[in-house]
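Since the structure comes first, as structure tokens, the remarks are kept for the end.
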Amino acid sequence: MIALSPHRLSLSTGIDMDAFTAGDPKNPAIIFLHGFPESHRTWRHQIAHFADRFYCIAPDQRGYRGTSKPQEVDAYSADKLTADIFALANALHVQQFIIAGHDWGGAIAWSVALNGQAGALNPAWAGRVPRAIIANAPHPYIFQRLLITDMNQRESSQYIRAFRDPANDALVQEHGLTGLLLKTIKWDKPNAMEPEERAALLADWTDRDTCFGMLNWYRASALYVPAMDEDAEIPAFAAGAFPLLMIPTLVVWAMDDLALPPSNIDGIEKLVPDVTITPVENCGHFVIWEQPDAVNAAMDSFLA
């Protein structure tokens with residue numbers, strides 16, 4: 001596995017962020033964003049594959065590992081998490097970068113791409129993101145609508161309600177994140193994580209500030225997850241028109257993801273006209289390390 005260079009960066013957003021890089025800073029940059037409940041290590045296979053051609057940057061995002069972990073819920077709103085990524089690029093003197101994200105990192109990657117494409121509203125960000133790579137992270141418009149209209153997706157997302165429920169805080173305080181995961185996640189199945197990577201994650205999950213930092217991503221989100229028996233209506237942001245993402249975008253989707261079924265890619269070309277969709281069969285949610293060769297091949301073709 002390739003050696004990563006560690007950086008401790010004081011960002012303009014007020015966050016001290018741990019980030020890890022590989023490759024020549026003179027090469028085009030890719031910023032890799034991890035999801036819940038992982039770390040920069042989730043992209044280890046892609047970083048090793050692309051570091052000879054790209055400047056690979058992988059942060060531990062706000063709330064994770066050694067990065068700042070504010071305990072206030074509103075510190076984790078999408079605008080702040082998005083701003084962290086542009087501030088990270090600034091701190092590393094990177095003007096333009098490809099954004100790649102998985103799971104919650106993919107949710108922020110959607111936001112970074114929308115805000116970083118040419119013509120976006122913030123002049124400090126617009127035009128800085130020429131391409132996006134998304135792995136099993138639903139488009140916010142499609143996902144919110146599915147939570148209302150698709151009972152399979154709604155059922156698969158009920159764990160989010162448990163993550164948001166302060167009644168579970170005592171369980172987290174006593175048993176760490178593992179206790180809450182064992183209580184709430186019903187769709188997990190064994191996967192191909194290396195023993196040393198699993199051990200590192202379990203160690204991360206024992207830190208209570210990290211546990212609540214990670215949960216605050218869910219608690220601060222504007223996503224509306226109705227109860228199974230709730231007569232719910234689509235929120236305003238997903239009821240009308242939604243901004244188009246016009247940059248070339250690769251969406252890699254593991255087709256056996258039990259939390260995020262393939263219905264999340266239905267109709268995505270209407271919202272992302274220049275999209276390339278690569279399905280990965282016989283693979284669960286953590287596609288980037290469960291099937292790294294398939295992901296690398298899709299990225300090779302997209303970035304060629």
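Ordering of the structure tokens sets the chain letters (A, B, ...); residue numbers start at 1 within each chain; ligands are numbered from 1 in the order shown.
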
Could you give me the residues within range 50-289 of chain A that DSSP places in strand (DSSP E), as a ChimeraX atom specification? /A:55-60,97-102,132-135,249-254,275-280

With C-alpha atoms retained, export the selected residues as a CSV table (one decimal), in the first residue's frame.
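That gives us part_16.csv:
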chain,number,residue,atom,x,y,z
A,55,TYR,CA,-2.4,14.5,-6.6
A,56,CYS,CA,-4.6,12.5,-4.3
A,57,ILE,CA,-6.0,14.3,-1.2
A,58,ALA,CA,-8.0,12.4,1.4
A,59,PRO,CA,-9.2,14.2,4.6
A,60,ASP,CA,-10.7,12.9,7.8
A,97,PHE,CA,-9.9,19.6,-8.2
A,98,ILE,CA,-11.9,16.6,-9.1
A,99,ILE,CA,-14.3,15.7,-6.3
A,100,ALA,CA,-14.9,12.1,-5.3
A,101,GLY,CA,-17.2,10.9,-2.6
A,102,HIS,CA,-18.8,7.7,-1.1
A,132,ALA,CA,-17.3,14.6,-10.0
A,133,ILE,CA,-17.1,10.9,-9.0
A,134,ILE,CA,-19.9,9.5,-6.9
A,135,ALA,CA,-20.0,6.0,-5.3
A,249,THR,CA,-20.0,13.0,-13.5
A,250,LEU,CA,-19.3,9.4,-12.9
A,251,VAL,CA,-21.8,7.5,-10.7
A,252,VAL,CA,-20.6,4.0,-9.6
A,253,TRP,CA,-23.4,2.0,-8.0
A,254,ALA,CA,-23.2,-1.3,-6.2
A,275,VAL,CA,-23.5,11.4,-16.3
A,276,THR,CA,-21.8,8.1,-16.8
A,277,ILE,CA,-23.4,5.3,-14.7
A,278,THR,CA,-21.3,2.2,-13.9
A,279,PRO,CA,-23.3,-0.5,-12.1
A,280,VAL,CA,-21.3,-3.0,-10.0

For range 257-266 of chain A, work out the shell of residues within 7 Å, counting only C-alpha atoms and skipping chain neighbours fewer than 6 positions away, then give it as a ChimeraX atom specification. /A:138,142-143,153,156-157,187,283-285

Take CA of Glu233 in chain A and CA of Ile148 in chain A and report the distance between them in Å, one decimal.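 We find that CA of Glu233 in chain A and CA of Ile148 in chain A lie 6.6 Å from each other.
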
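The two atoms in question, CA of Ser5 in chain A and CA of Gln117 in chain A, are spaced 28.4 Å apart.
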
Set the distance at 6 Å and use only C-alpha atoms: which residues neighbour range 218-223 of chain A once local chain neighbours fewer than 3 positions away are removed? I'd like the list as a list of chain:residue names.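 Returned residues: A:Val73, A:Asp74, A:Tyr76, A:Ser77, A:Arg164, A:Leu215.
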
Can you write out the residues you just picked, keeping N, CA, C and O atoms, as a CSV table (one decimal), in the first residue's frame?
chain,number,residue,atom,x,y,z
A,73,VAL,N,-24.9,20.3,17.1
A,73,VAL,CA,-25.5,19.7,15.9
A,73,VAL,C,-25.3,20.7,14.7
A,73,VAL,O,-25.0,20.2,13.6
A,74,ASP,N,-25.6,22.0,14.9
A,74,ASP,CA,-25.6,22.9,13.8
A,74,ASP,C,-24.2,23.1,13.2
A,74,ASP,O,-24.1,23.8,12.1
A,76,TYR,N,-22.6,20.9,11.8
A,76,TYR,CA,-22.5,19.8,10.8
A,76,TYR,C,-23.5,20.0,9.6
A,76,TYR,O,-23.8,19.1,8.9
A,77,SER,N,-24.0,21.2,9.5
A,77,SER,CA,-24.9,21.5,8.3
A,77,SER,C,-24.2,21.4,7.0
A,77,SER,O,-22.9,21.5,7.0
A,164,ARG,N,-30.9,10.0,14.9
A,164,ARG,CA,-31.2,11.3,15.3
A,164,ARG,C,-31.9,11.4,16.6
A,164,ARG,O,-32.0,12.5,17.2
A,215,LEU,N,-22.7,11.2,14.3
A,215,LEU,CA,-24.1,11.2,14.4
A,215,LEU,C,-24.7,12.6,14.0
A,215,LEU,O,-25.8,12.7,13.5

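In terms of minimum interatomic distance to Ala124 in chain A, A:Ala89 ranks closest within A:Leu202, A:Ala89, A:Val295, A:Ile247, counting only C-alpha atoms.
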
Interatomic distance between CA of Ala167 in chain A and CA of Leu180 in chain A? 11.1 Å

Residues within 8 Å of Gly127 in chain A, please, as a ChimeraX atom specification. Count only C-alpha atoms; anything in the same chain fewer than 6 positions from it doesn't count. /A:96,116-120

Hey, which of A:Arg41, A:Arg8, A:His49, A:Arg154 ends up closest to Ser68 in chain A? Count only C-alpha atoms.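 Of the candidates, the smallest distance to Ser68 in chain A is held by A:Arg8.
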
Can you work out which one of A:Tyr159, A:Phe32, A:Phe212, A:Tyr224 has the shortest atom-to-atom distance to Ala19 in chain A, counting only C-alpha atoms?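 Using only C-alpha atoms, Ala19 in chain A sits closest to A:Phe32.
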
Using only C-alpha atoms, find the one residue out of A:Asp165, A:Asp103, A:Glu155, A:Asp256 that sits nearest to Ala227 in chain A. A:Glu155

Between A:Pro226, A:Pro195, A:Pro130, A:Gly179, which one has atoms that come closest to Ile160 in chain A, using only C-alpha atoms?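 Closest to Ile160 in chain A, using only C-alpha atoms: A:Pro226.
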
Long-range neighbours of Ala241 in chain A as a CSV table (one decimal) with N, CA and C atoms, in the first residue's frame, 12 Å cut-off, only C-alpha atoms, 6 positions minimum in chain:
chain,number,residue,atom,x,y,z
A,141,TYR,N,-32.0,15.2,-4.5
A,141,TYR,CA,-33.3,15.3,-5.0
A,141,TYR,C,-34.0,14.0,-5.1
A,142,ILE,N,-33.3,13.0,-5.7
A,142,ILE,CA,-33.9,11.7,-5.9
A,142,ILE,C,-34.1,11.0,-4.6
A,270,LYS,N,-31.6,13.2,-15.9
A,270,LYS,CA,-32.4,14.4,-16.0
A,270,LYS,C,-31.8,15.5,-15.1
A,271,LEU,N,-31.1,15.1,-14.1
A,271,LEU,CA,-30.5,16.1,-13.1
A,271,LEU,C,-29.0,16.3,-13.4

Using only C-alpha atoms for the distances, tell me which of A:Leu9, A:Leu177, A:Ala91, A:Leu33 is nearest to Ala107 in chain A.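 For Ala107 in chain A, the nearest of the given residues is A:Leu33.
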